[in-house]
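J.: Below you'll find the structure I mean.
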Amino acid sequence: MIGTKGTVVAVNGNMVSARFDGAVSMNEVGYVKVADKRLKSEVIRIRGDVSQLQVFEITKGITIGDTVEFTGDMLAVELGPGLLGQVYDGLQNPLPQLAEAAGYFLERGVYLDPLPADRDWEFTPAVKEGDNVERADTLGTVPEGAFTHRIMVPFNLYGTYTVASVKPAGKYKISETIATLKDEKGKSVAVKMSFRWPVKRAVDCYEERLKPEDPMVTRVRLIDTFFPVARGGTYCIPGPFGAGKTVLQQITSRFADVDIVIVAACGERAGEVVETLKEFPELKDERTGRSLMERTIIICNTSSMPVAAREASVYTAVTLAEYYRQMGLNVLLLADSTSRWAQAMREMSGRLEEIPGEEAFPAYLESTIASFYERAGLVRLRDGTLGSVTIGGTVSPAGGNFEEPVTQATLKVVGAFHGLSRERSDARKYPAIHPLDSWSKYKGIIDEEKVGYAHGFMRRGTEVEQMMKVVGEEGTSIEDYVVYLKGDLIDSVYFQQNSFDEVDAAVKPERQKYTFAKLLAILASQFTFPDKNEARSWFNRLRQKFLDYNGSEWQGTHFKELEKEIEDAVKGQSKGLDKAAEKILA
Ligand SMILES: Nc1ncnc2c1ncn2[C@@H]1O[C@H](COP(=O)(O)OP(=O)(O)OP(=O)(O)O)[C@@H](O)[C@H]1O
Ligand SMILES: [Mg+2]
């Protein structure tokens, strides 16, 4: 396939037009030769004998007449053992090694092997000579951190193959052939521990897609109890500048109940990325007892990299996620922020002089976003095991206006919406997920009816609060005032969560269920107070106790003492259950 050559006929920012002689296909990789460097690019349009390429590097110095070498290969990632714990740029260059090879200011045109070439992997074969295999079938395994990494038949080997030979158990490097397969016509294929797969094509080596149903516990109460995310589902976190999108994703990447987390930091401030990088290796993963970094892959494009690389990074990230799903693992992909990726699309579309859609985004914005989120999913593999990819993306709409095209396009396809509110983040009510605007289509860890009943107090409480702003406290009935206080209670002790408190930062599902039941019993109680001042101070004391309760060690002595105090206080004040609640609590 190698051989098609082109000549640069125009340069427009990060887009190069090249006239070619031979065959070129969409999404093929080409290298623009400038001086002694080869700059990686991707074909994004073909018109007759001229192709447009987006260059993943700064295009300075490219002139008309420069050579373009087309590779015949699609933009692809290398899949194999050694991905976990890596920090890559959008083109899968390992960043720490890149910095070492090229110096502090990353030089363009330097591309490194994504996987460690010199590392020995302890291989155990899972097939024997004469076995029939298909793509994605397991040929053997190697341990990778806490996981059993499946060495699979490369996903692009369609059809049935017979194992002609397989290496015995032992140590091998990824460059070594570990099996030889024969196709139906008797042609041999040498298989190594790694292979390539085009990033823009969804990995589809599974038996069937299943409806995501089990919750992916994040240990954030507001999410797990009220706006849950399913394993294999999708969700988005739109929020104005500084409202806490990145912090929320960091908390999730640490505590979410999944095997592997892939973080695609596209176009965020370099400083934030560095923070993550510094912290992660020191943090322990509770499930495995190992460093959190050992189950994490970070794809990071800082804002100093050209926009085209941002686009590549979301596709690279999702392909790595799909690869680990093929091993029967649960993978969470966090993309921060998808708006930066959409901006890259807009820029490129402008250069291609396409007819612009709303706010100058391309008309295909919606379908592109949809096909990205569609790569999430719960699947049943050929061997019967289940694997999942869950995708959570942040959106940073200008001015926090959720009506803009990227937020709207995302809302149409995701299963849950965690809208961050400027008002709440300004009031330091974290996580700043808006309890009234947000929604989820998934089932959570607690019965929906109970959740709905509790949520009703937040909604009604807010209505009373709005009304009070008009008519004043005097004009509000004591019954309404108590509803307002109940709404305020659930907000303070359940929706908000102190990410700096060791205990409260991450709450396990059993504790969420337990404290939710306690809170529900309070909400469902009928209280009468002689006046609003009494009501207010009674609820203030209760709130403080509940906050201490939230911060105390689960089922410890202090926890039990506080629980008793709360129950006694409620018993002393309650005049029985709310009629509407009786059925729900039964
Ligand atoms: N859960 C939280 N607990 C405590 N503080 C928080 C929390 N979430 C956010 N903050 C505060 O808000 C600041 C901004 O948060 P963050 O960087 O996550 O916002 P962002 O929405 O990602 O912003 P940007 O739009 O600039 O990317 C943090 O540095 C932190 O001080
Ligand atoms: Mg951020």
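We label chains A, B, ... in the order they appear in the structure tokens, count residues from 1 in each chain, and number ligands from 1 in the order shown.
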Grab me every residue within 10 Å of ligand 1, counting only C-alpha atoms and all ligand atoms, and send it over as a PyMOL selection string.

T.: chain A and resi 220+237-251+267-269+272+336-337+394-398+400+420-422+425-426+428-433+496-501+505

J.: As a PyMOL selection string, please: every residue in stretch 60-296 of chain A that DSSP puts in helix (DSSP H, G or I).

T.: chain A and resi 95-102+221-226+245-255+270-282+292-295

J.: Which polymer residues have any atom within 8 Å of an atom of stretch 148-164 of chain A, counting only C-alpha atoms, with same-chain residues fewer than 4 positions away left out, as a PyMOL selection string?

T.: chain A and resi 80-81+127-144+179-184+191+193-197+203+205+327

J.: Determine, counting only C-alpha atoms, which protein, DNA and RNA residues have an atom within 8 Å of an atom of stretch 295-301 of chain A; residues of the same chain fewer than 2 positions away are not included. Present the result as JSON, numbers by chain.

T.: {"A": [83, 84, 85, 86, 87, 88, 89, 90, 92, 145, 146, 259, 260, 261, 262, 263, 264, 265, 266, 267, 268, 273, 291, 292, 293, 303, 304, 305, 309, 310, 313, 316, 317]}

J.: Let me see the file: selected residues, N, CA, C and O atoms, as a compact mmCIF listing (two decimals), in the first residue's frame.

T.:
# COMPACT_ATOMS: atom_id res chain seq x y z
N LEU A 83 -0.41 -0.68 28.43
CA LEU A 83 -1.14 0.59 28.27
C LEU A 83 -1.46 1.21 29.62
O LEU A 83 -1.46 2.43 29.77
N LEU A 84 -1.75 0.35 30.60
CA LEU A 84 -2.17 0.87 31.91
C LEU A 84 -1.04 1.66 32.56
O LEU A 84 0.12 1.28 32.49
N GLY A 85 -1.43 2.77 33.19
CA GLY A 85 -0.45 3.60 33.88
C GLY A 85 0.23 4.61 32.97
O GLY A 85 1.02 5.43 33.44
N GLN A 86 -0.09 4.56 31.69
CA GLN A 86 0.60 5.46 30.76
C GLN A 86 -0.06 6.84 30.71
O GLN A 86 -1.26 6.98 30.96
N VAL A 87 0.76 7.81 30.36
CA VAL A 87 0.25 9.15 30.07
C VAL A 87 0.61 9.43 28.62
O VAL A 87 1.79 9.49 28.27
N TYR A 88 -0.41 9.52 27.79
CA TYR A 88 -0.19 9.70 26.35
C TYR A 88 -0.68 11.06 25.89
O TYR A 88 -1.57 11.65 26.50
N ASP A 89 -0.15 11.50 24.76
CA ASP A 89 -0.82 12.60 24.08
C ASP A 89 -1.86 11.98 23.15
O ASP A 89 -2.01 10.75 23.10
N GLY A 90 -2.57 12.82 22.40
CA GLY A 90 -3.68 12.33 21.58
C GLY A 90 -3.25 11.35 20.50
O GLY A 90 -4.07 10.59 19.98
N GLN A 92 -1.04 9.00 21.01
CA GLN A 92 -0.52 7.86 21.77
C GLN A 92 1.00 7.90 21.93
O GLN A 92 1.64 6.86 22.06
N GLY A 145 -0.51 -5.42 35.99
CA GLY A 145 -0.95 -4.84 37.26
C GLY A 145 -1.85 -5.85 37.95
O GLY A 145 -1.50 -7.01 38.09
N ALA A 146 -3.03 -5.40 38.34
CA ALA A 146 -3.96 -6.29 39.05
C ALA A 146 -4.84 -7.09 38.10
O ALA A 146 -5.70 -7.83 38.53
N ASP A 259 -13.23 -1.15 36.83
CA ASP A 259 -11.89 -1.72 36.85
C ASP A 259 -10.85 -0.70 36.38
O ASP A 259 -9.80 -0.53 36.99
N ILE A 260 -11.17 -0.05 35.28
CA ILE A 260 -10.18 0.80 34.63
C ILE A 260 -10.77 2.17 34.32
O ILE A 260 -11.94 2.27 33.92
N VAL A 261 -9.98 3.20 34.53
CA VAL A 261 -10.43 4.55 34.23
C VAL A 261 -9.51 5.15 33.16
O VAL A 261 -8.28 5.06 33.27
N ILE A 262 -10.12 5.71 32.15
CA ILE A 262 -9.34 6.39 31.12
C ILE A 262 -9.76 7.85 31.11
O ILE A 262 -10.95 8.16 31.00
N VAL A 263 -8.80 8.73 31.30
CA VAL A 263 -9.11 10.14 31.37
C VAL A 263 -8.61 10.81 30.10
O VAL A 263 -7.43 10.71 29.77
N ALA A 264 -9.52 11.44 29.37
CA ALA A 264 -9.11 12.21 28.20
C ALA A 264 -9.21 13.68 28.54
O ALA A 264 -10.30 14.24 28.61
N ALA A 265 -8.08 14.29 28.84
CA ALA A 265 -8.06 15.71 29.19
C ALA A 265 -7.74 16.48 27.92
O ALA A 265 -6.58 16.62 27.58
N CYS A 266 -8.79 16.89 27.22
CA CYS A 266 -8.51 17.55 25.94
C CYS A 266 -8.60 19.05 26.06
O CYS A 266 -9.66 19.59 26.32
N GLY A 267 -7.50 19.65 25.90
CA GLY A 267 -7.47 21.11 25.83
C GLY A 267 -7.69 21.82 27.14
O GLY A 267 -8.01 22.98 27.18
N GLU A 268 -7.51 21.12 28.23
CA GLU A 268 -7.62 21.81 29.52
C GLU A 268 -6.30 22.46 29.86
O GLU A 268 -5.28 22.22 29.23
N VAL A 273 -3.64 19.25 34.50
CA VAL A 273 -3.18 17.94 34.09
C VAL A 273 -1.99 17.54 34.96
O VAL A 273 -1.92 16.43 35.47
N SER A 291 -1.37 1.32 43.52
CA SER A 291 -1.46 2.73 43.14
C SER A 291 -2.59 2.89 42.12
O SER A 291 -2.78 2.06 41.23
N LEU A 292 -3.33 3.99 42.28
CA LEU A 292 -4.45 4.27 41.40
C LEU A 292 -4.00 4.35 39.94
O LEU A 292 -4.72 4.00 39.02
N MET A 293 -2.78 4.80 39.75
CA MET A 293 -2.27 5.00 38.40
C MET A 293 -2.18 3.67 37.64
O MET A 293 -2.27 3.65 36.42
N SER A 303 -3.57 22.81 26.23
CA SER A 303 -4.07 23.79 25.27
C SER A 303 -2.96 24.29 24.34
O SER A 303 -3.23 24.96 23.36
N SER A 304 -1.71 23.96 24.65
CA SER A 304 -0.64 24.43 23.77
C SER A 304 -0.46 23.53 22.55
O SER A 304 0.27 23.86 21.63
N MET A 305 -1.16 22.39 22.54
CA MET A 305 -1.06 21.52 21.37
C MET A 305 -2.10 21.95 20.34
O MET A 305 -3.15 22.48 20.69
N ALA A 309 -5.15 17.68 17.53
CA ALA A 309 -4.74 16.63 18.46
C ALA A 309 -5.82 16.37 19.50
O ALA A 309 -5.93 15.28 20.05
N ARG A 310 -6.67 17.38 19.78
CA ARG A 310 -7.76 17.19 20.75
C ARG A 310 -8.75 16.19 20.21
O ARG A 310 -9.30 15.38 20.94
N SER A 313 -7.48 12.79 20.52
CA SER A 313 -7.38 12.24 21.87
C SER A 313 -8.68 11.60 22.34
O SER A 313 -8.64 10.59 23.02
N THR A 316 -8.75 8.21 20.53
CA THR A 316 -7.73 7.32 21.09
C THR A 316 -8.24 6.76 22.42
O THR A 316 -8.20 5.55 22.66
N ALA A 317 -8.78 7.64 23.26
CA ALA A 317 -9.25 7.24 24.58
C ALA A 317 -10.36 6.20 24.48
O ALA A 317 -10.33 5.17 25.17

J.: Using DSSP on the backbone, list every residue of stretch 254-450 of chain A that comes out as strand (DSSP E or B), and give them as a PyMOL selection string.

T.: chain A and resi 260-268+284+291+296-302+330-336+356+362+377-380+386-395+416-417+420+433+439-440

J.: Residues within 9 Å of A:Glu42, please, as a PyMOL selection string. Count only C-alpha atoms; anything in the same chain fewer than 2 positions from it doesn't count.

T.: chain A and resi 26-31+40+44+52-56+74-75

J.: Show which residues sit within 12 Å of stretch 473-485 of chain A, as number ranges by chain. Count only C-alpha atoms, and ignore same-chain residues fewer than 6 positions away.

T.: A: 454-467, 491-492, 522-543, 578

J.: Kindly indicate which residue among A:Lys200, A:Arg340, A:Lys518, A:Arg108 lies nearest to ligand 2, using only C-alpha atoms and all ligand atoms for the distances.

T.: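 For ligand 2, the nearest of the given residues is A:Arg340.
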
J.: Between A:Ala363, A:Leu334, A:Val451, A:Ala427, single out the one closest to A:Asp224, counting only C-alpha atoms.

T.: A:Val451

J.: In Å, rounded to a single decimal, give me how far atom CA of A:Val11 is from atom CA of A:Tyr364.

T.: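 Between atom CA of A:Tyr364 and atom CA of A:Val11 the gap works out to 23.9 Å.
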
J.: Considering only C-alpha atoms and all ligand atoms, state which residue in the set A:Thr67, A:Lys583, A:Ile46, A:Thr338 is at the smallest distance from ligand 2.

T.: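 Selected residue with least distance to ligand 2: A:Thr338.
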
J.: Interatomic distance between atom CA of A:Ala308 and atom CA of A:Ser253?

T.: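 Those two atoms sit 25.5 Å apart.
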
J.: Find the spatial neighbours of A:Asp113, counting only C-alpha atoms, within a cut-off of 12 Å - ignore same-chain residues fewer than 4 positions away - and output them as a ChimeraX atom specification.

T.: /A:77-80,82-83,86,88,91-95,97-98,101,117-118,174-175,194

J.: With N, CA and C atoms retained, write the just-selected residues as a compact mmCIF listing (two decimals), in the first residue's frame.

T.:
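Once written, selection_5.txt looks like this:
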# COMPACT_ATOMS: atom_id res chain seq x y z
N VAL A 77 -4.43 3.17 16.90
CA VAL A 77 -3.68 3.05 18.14
C VAL A 77 -3.12 1.64 18.27
N GLU A 78 -2.07 1.53 19.06
CA GLU A 78 -1.43 0.25 19.33
C GLU A 78 -2.10 -0.33 20.57
N LEU A 79 -2.59 -1.57 20.46
CA LEU A 79 -3.27 -2.21 21.58
C LEU A 79 -2.46 -3.41 22.05
N GLY A 80 -2.20 -3.47 23.33
CA GLY A 80 -1.42 -4.57 23.87
C GLY A 80 -1.10 -4.32 25.33
N GLY A 82 0.70 -3.12 28.66
CA GLY A 82 1.58 -1.99 28.91
C GLY A 82 0.89 -0.65 28.72
N LEU A 83 -0.41 -0.68 28.43
CA LEU A 83 -1.14 0.59 28.27
C LEU A 83 -1.46 1.21 29.62
N GLN A 86 -0.09 4.56 31.69
CA GLN A 86 0.60 5.46 30.76
C GLN A 86 -0.06 6.84 30.71
N TYR A 88 -0.41 9.52 27.79
CA TYR A 88 -0.19 9.70 26.35
C TYR A 88 -0.68 11.06 25.89
N LEU A 91 -1.97 11.33 20.15
CA LEU A 91 -1.48 10.41 19.12
C LEU A 91 -0.80 9.21 19.74
N GLN A 92 -1.04 9.00 21.01
CA GLN A 92 -0.52 7.86 21.77
C GLN A 92 1.00 7.90 21.93
N ASN A 93 1.58 9.08 21.92
CA ASN A 93 2.99 9.20 22.30
C ASN A 93 3.07 9.22 23.81
N PRO A 94 3.90 8.38 24.41
CA PRO A 94 4.03 8.45 25.86
C PRO A 94 4.69 9.77 26.26
N LEU A 95 3.95 10.60 26.99
CA LEU A 95 4.45 11.96 27.25
C LEU A 95 5.73 12.04 28.06
N GLN A 97 8.21 9.99 28.27
CA GLN A 97 9.32 9.57 27.43
C GLN A 97 9.58 10.59 26.32
N LEU A 98 8.48 11.17 25.82
CA LEU A 98 8.60 12.16 24.77
C LEU A 98 9.38 13.36 25.30
N ALA A 101 12.96 12.45 25.43
CA ALA A 101 13.62 12.33 24.13
C ALA A 101 13.78 13.67 23.44
N ALA A 117 8.91 -1.54 24.70
CA ALA A 117 9.42 -2.61 23.84
C ALA A 117 10.32 -3.59 24.60
N ASP A 118 10.94 -3.10 25.67
CA ASP A 118 11.94 -3.94 26.34
C ASP A 118 11.38 -4.73 27.51
N ILE A 174 6.79 -7.65 23.51
CA ILE A 174 5.66 -7.46 22.59
C ILE A 174 6.05 -7.59 21.12
N SER A 175 7.34 -7.49 20.82
CA SER A 175 7.74 -7.59 19.41
C SER A 175 7.84 -9.05 18.94
N SER A 194 0.77 -7.40 20.49
CA SER A 194 0.09 -6.13 20.25
C SER A 194 -0.31 -6.03 18.79
